[in-house]
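Written below as structure tokens is the structure these notes are about.
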Number of protein chains: 2
Amino acid sequence: MTATSWVEGADPGPYGLAHLPYGVFSTRKDPAPRIGVRIGDQVLDLRALATGQFFLPWIRPAFHEHDLNALLAMGPPAWRLVRHQLTELLADRRHRDQSATLLTPVDKVRMHLPFRVADYVDFYASEHHATNLGRLFRPDAEPLLPNWKHLPVGYHGRAGTVVPSGTPVVRPRGQRKTPDGPVEFGPSARLDIEAEVGFVVGVGTDLGTPVNPDDFTEHVFGAVLVNDWSARDIQAWEYVPLGPFLGKSFATSIGHWVTPLDALAAAKADAPVQDPAPLGYLQESERFGYDLSMSVRWNGTEVSRPPFKGMYWTPAQMLAHMTVNGASLRTGDLYASGTVSGEAADQRGSFLELTWGGKEPVRVGDGESRTFLEDGDTVTIAATAPGPDGSVIGLGEVTGTILPAPN
Amino acid sequence: MTATSWVEGADPGPYGLAHLPYGVFSTRKDPAPRIGVRIGDQVLDLRALATGQFFLPWIRPAFHEHDLNALLAMGPPAWRLVRHQLTELLADRRHRDQSATLLTPVDKVRMHLPFRVADYVDFYASEHHATNLGRLFRPDAEPLLPNWKHLPVGYHGRAGTVVPSGTPVVRPRGQRKTPDGPVEFGPSARLDIEAEVGFVVGVGTDLGTPVNPDDFTEHVFGAVLVNDWSARDIQAWEYVPLGPFLGKSFATSIGHWVTPLDALAAAKADAPVQDPAPLGYLQESERFGYDLSMSVRWNGTEVSRPPFKGMYWTPAQMLAHMTVNGASLRTGDLYASGTVSGEAADQRGSFLELTWGGKEPVRVGDGESRTFLEDGDTVTIAATAPGPDGSVIGLGEVTGTILPAPN
């Protein structure tokens, strides 16, 4: 039987003892951002624990930082020790009276960006998403480009505009052009989302040292939800030949809570068989993805349920590909899966796909009709994963509301 | 008449009193990286000056940092004050005896990355370069794509692999495919350079606030030489549809010395008239580029002299474009011009162009023939600019030697 926590209401639940995601929070009384772990609807203050001599001396300094980066850099031995100690503390009822004073309800805290983002890379790893976009953009050609099944296509995004869930998103302005029309400037008229899963690098590498996919868990600390907001009209005009730029760089939202890979052990799932077989550097001894069930709510209405499980390229393959040329990793590197889209029409992770290029509106909120985002709209992406013994853990959510473009 | 420095041999010369570029250095005796200013063949230790109560109290802390970022963040008033004080110190012979002890010959110091790179963006601003690449890659079509004259095309590169001049570059491995051949894996066989000029952002902006091109000098601190090493075979196979990724991300070299924009006042030069006229957000009250004369040496042989002066898009336009969608700037953001190529065959800033896709070898070093880089090859990019009163300042150089790919 799985251990449970003494924190009231935590077990069973999405933030039970088997989960323990990390975030950075502050309170009105103490506005200094500090690391917390979520248990049920409470945040446990890890800086306070460290001050009280909890954790081994060499690990404690990480909890006096304003973000997760120092803990991330310490690597798997520290990650496991901390998780083990927190599990014991939150399970053993004898700690209850003392530790309960270090809990703050999650609705009383302010959440910050959990880690300083070093480089941000976005992949394109869902076959259904890539196929849908191929059909929409190149209706007369093969939907998948020739390279797609040989390598996880990806590109660098703007690390400086990664923002925490809840940050309002100002509608970007920019250039756009329809095939027969003039070049125009104005607020994006095709503002979209991309529901993605991001992976957070803890242990960096030196320049010139590729990472084997089997070493995925030696480098990657955990997972976080990502909404890679996209202005499709800006993107369509600018992206040839150097890829997306301003159509993406105005904002990328990430969740408040980073779920350690150790909490996703029960969510490991077979990944699709690849045909053709990938080159050697992309071959995994144990090939696996994660069985995350995502949900996209648009003004409160669930419009899509993208399954992460079927992603063609796994997180380990993305990591191996990103470094095969010798590119170094840094603590805080974030790489995201690209839009998670399943095969079914109600499993698409972008509105471009969901409304088939804006031609098939969806109903949202109080019966309103939408193709792309309107000012004031709110999108919330959430996900759950299997936990141990039939439990379900929640990967939190990433949410944002669209503000009008400036005049 | 221009003032001169008491430092022997500094004036006239590329690092005379009118230049004063900043870098980060250490010595064998004191291995802590610290900020220095270059004067002639000497480095003046600004941390030591700050310790001695030189500089205003609010500025001094910037010189106790290990990189330029704190100084960059202080903005133009601090930049001007420091430059003014250093000019006085190095001009007035009464300071000679005391300050000479703070000088170290440049060949006795170790140089470091001058600033922590936040985001790295690479543009594509030379019309000749874009046209050459269009002719090479799409011989049967219009060489310039439809968007090229409407916006400065750009993309994000990998900030974590920006390295200081002199860092060896390990030949990257990766996937490649010829049109009729199989997908192969191995060391890049078409390793190339891109001779570029980079601009370093000092003063950041908040999310949602575009920068007017006329505010260029309020945000940008200075210029630095850039070599954006490129593996053309990897790039050609991977870049559709999301742009260059591993073909670039293995290394980007930058010069050791950041030249303040104030030192480039005499180098300001008219930029080409644009047709069609750009959209309003790209229009400058005073349109200017910089008259930088670049030189590319391959194993000691000068193979190209790219002129920065004729770049179609100016640094101010690149900055305005990069932020028009509301993307924020951070201290340490680096944006580069893209390959600087002039009209003439001996003005091309990449070997892909210089050897016309590898079909026209060039002579380098001791009479050897080259199309792309071989192991052991060294490339050095340098630049000069007009200084005040007919003087010439040197923008230093960025150099690197190719090491073999790992087995």
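Chain labels run A, B, ... following the order of the structure tokens; each chain numbers its residues from 1, and ligands are numbered from 1 in the order shown.
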
Tell me the residues of chain A close to chain B, meaning within 8 Å using only C-alpha atoms, as a ChimeraX atom specification. /A:118-119,145,147,150-151,153-161,170,172-174,183,185,207-208,237-247,249-251,279,322,324-330

Restricted to C-alpha atoms, what would the selected residues look like written as a PDB file, in the first residue's frame?
```pdb
ATOM      1  CA  ALA A 118      18.894  29.077 -19.608  1.00  0.00           C
ATOM      2  CA  ASP A 119      18.112  28.090 -23.212  1.00  0.00           C
ATOM      3  CA  LEU A 145       8.405  16.606 -44.608  1.00  0.00           C
ATOM      4  CA  ASN A 147      13.311  14.798 -42.424  1.00  0.00           C
ATOM      5  CA  HIS A 150      14.606  10.832 -39.109  1.00  0.00           C
ATOM      6  CA  LEU A 151      15.128  13.440 -36.436  1.00  0.00           C
ATOM      7  CA  VAL A 153      12.747  18.691 -35.565  1.00  0.00           C
ATOM      8  CA  GLY A 154      13.278  21.565 -33.150  1.00  0.00           C
ATOM      9  CA  TYR A 155      14.397  25.177 -32.829  1.00  0.00           C
ATOM     10  CA  HIS A 156      15.437  27.675 -30.179  1.00  0.00           C
ATOM     11  CA  GLY A 157      12.819  29.939 -28.649  1.00  0.00           C
ATOM     12  CA  ARG A 158      13.223  33.058 -26.521  1.00  0.00           C
ATOM     13  CA  ALA A 159      14.206  32.140 -22.964  1.00  0.00           C
ATOM     14  CA  GLY A 160      13.670  35.690 -21.708  1.00  0.00           C
ATOM     15  CA  THR A 161       9.938  35.618 -22.366  1.00  0.00           C
ATOM     16  CA  VAL A 170      -0.580  40.923 -24.407  1.00  0.00           C
ATOM     17  CA  PRO A 172       1.340  40.759 -30.124  1.00  0.00           C
ATOM     18  CA  ARG A 173       1.469  43.118 -33.055  1.00  0.00           C
ATOM     19  CA  GLY A 174       3.420  42.406 -36.180  1.00  0.00           C
ATOM     20  CA  VAL A 183       1.798  43.456 -46.212  1.00  0.00           C
ATOM     21  CA  PHE A 185       0.787  45.626 -39.635  1.00  0.00           C
ATOM     22  CA  LEU A 207      30.820  21.632 -24.859  1.00  0.00           C
ATOM     23  CA  GLY A 208      31.591  18.758 -27.211  1.00  0.00           C
ATOM     24  CA  TRP A 237       4.789  35.493 -43.059  1.00  0.00           C
ATOM     25  CA  GLU A 238       8.105  35.540 -41.222  1.00  0.00           C
ATOM     26  CA  TYR A 239       9.130  31.897 -40.932  1.00  0.00           C
ATOM     27  CA  VAL A 240      10.805  31.281 -44.279  1.00  0.00           C
ATOM     28  CA  PRO A 241      13.674  30.379 -44.290  1.00  0.00           C
ATOM     29  CA  LEU A 242      14.903  30.692 -40.678  1.00  0.00           C
ATOM     30  CA  GLY A 243      11.886  29.448 -38.740  1.00  0.00           C
ATOM     31  CA  PRO A 244       9.432  30.957 -36.229  1.00  0.00           C
ATOM     32  CA  PHE A 245      10.576  34.128 -34.467  1.00  0.00           C
ATOM     33  CA  LEU A 246       8.174  36.932 -33.467  1.00  0.00           C
ATOM     34  CA  GLY A 247       5.172  34.652 -33.945  1.00  0.00           C
ATOM     35  CA  SER A 249       8.750  35.077 -28.854  1.00  0.00           C
ATOM     36  CA  PHE A 250       6.169  37.352 -27.175  1.00  0.00           C
ATOM     37  CA  ALA A 251       5.357  34.801 -24.447  1.00  0.00           C
ATOM     38  CA  LEU A 279      20.059   6.354 -36.291  1.00  0.00           C
ATOM     39  CA  MET A 322      19.823  18.420 -29.053  1.00  0.00           C
ATOM     40  CA  VAL A 324      24.604  15.189 -30.688  1.00  0.00           C
ATOM     41  CA  ASN A 325      26.457  18.077 -32.332  1.00  0.00           C
ATOM     42  CA  GLY A 326      28.346  18.732 -29.100  1.00  0.00           C
ATOM     43  CA  ALA A 327      26.096  21.570 -27.900  1.00  0.00           C
ATOM     44  CA  SER A 328      26.438  21.848 -24.137  1.00  0.00           C
ATOM     45  CA  LEU A 329      23.562  21.739 -21.664  1.00  0.00           C
ATOM     46  CA  ARG A 330      23.141  24.185 -18.802  1.00  0.00           C
TER      47      ARG A 330
END
```

Could you give me, as a VMD selection string, each residue of segment 138-364 of chain A that DSSP assigns to alpha helix (DSSP H) when run on this structure's backbone? chain A and resid 216 to 219 232 to 238 315 to 323 351 to 354

Those residues with C-alpha atoms, as a tab-separated table (two decimals), in the first residue's frame please?
```tsv
chain	number	residue	atom	x	y	z
A	216	PHE	CA	18.14	11.08	-19.82
A	217	THR	CA	17.41	10.74	-16.09
A	218	GLU	CA	20.98	11.71	-15.19
A	219	HIS	CA	20.40	15.15	-16.68
A	232	ARG	CA	-0.14	32.19	-36.68
A	233	ASP	CA	-0.46	35.15	-39.08
A	234	ILE	CA	2.87	36.65	-37.95
A	235	GLN	CA	4.50	33.22	-38.04
A	236	ALA	CA	3.26	32.36	-41.53
A	237	TRP	CA	4.79	35.49	-43.06
A	238	GLU	CA	8.11	35.54	-41.22
A	315	PRO	CA	12.01	13.12	-24.21
A	316	ALA	CA	15.23	11.07	-24.12
A	317	GLN	CA	15.55	11.21	-27.90
A	318	MET	CA	14.99	14.96	-27.93
A	319	LEU	CA	17.79	15.37	-25.39
A	320	ALA	CA	20.16	13.15	-27.36
A	321	HIS	CA	19.40	14.97	-30.59
A	322	MET	CA	19.82	18.42	-29.05
A	323	THR	CA	23.36	17.53	-27.94
A	351	PHE	CA	-6.61	25.90	-32.07
A	352	LEU	CA	-5.19	26.06	-35.60
A	353	GLU	CA	-5.75	22.32	-35.77
A	354	LEU	CA	-8.86	22.24	-33.62
```

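Taking atom CA of Glu397 of chain B as the reference point, atom CA of Val224 of chain B is found at 9.0 Å.
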
Hey, what's within 6 Å of segment 57-70 of chain A if we count only C-alpha atoms and toss same-chain stuff fewer than 2 positions away? As an NGL selection string, please? :A and (33-34 or 47 or 50 or 55 or 72-73 or 114-115)
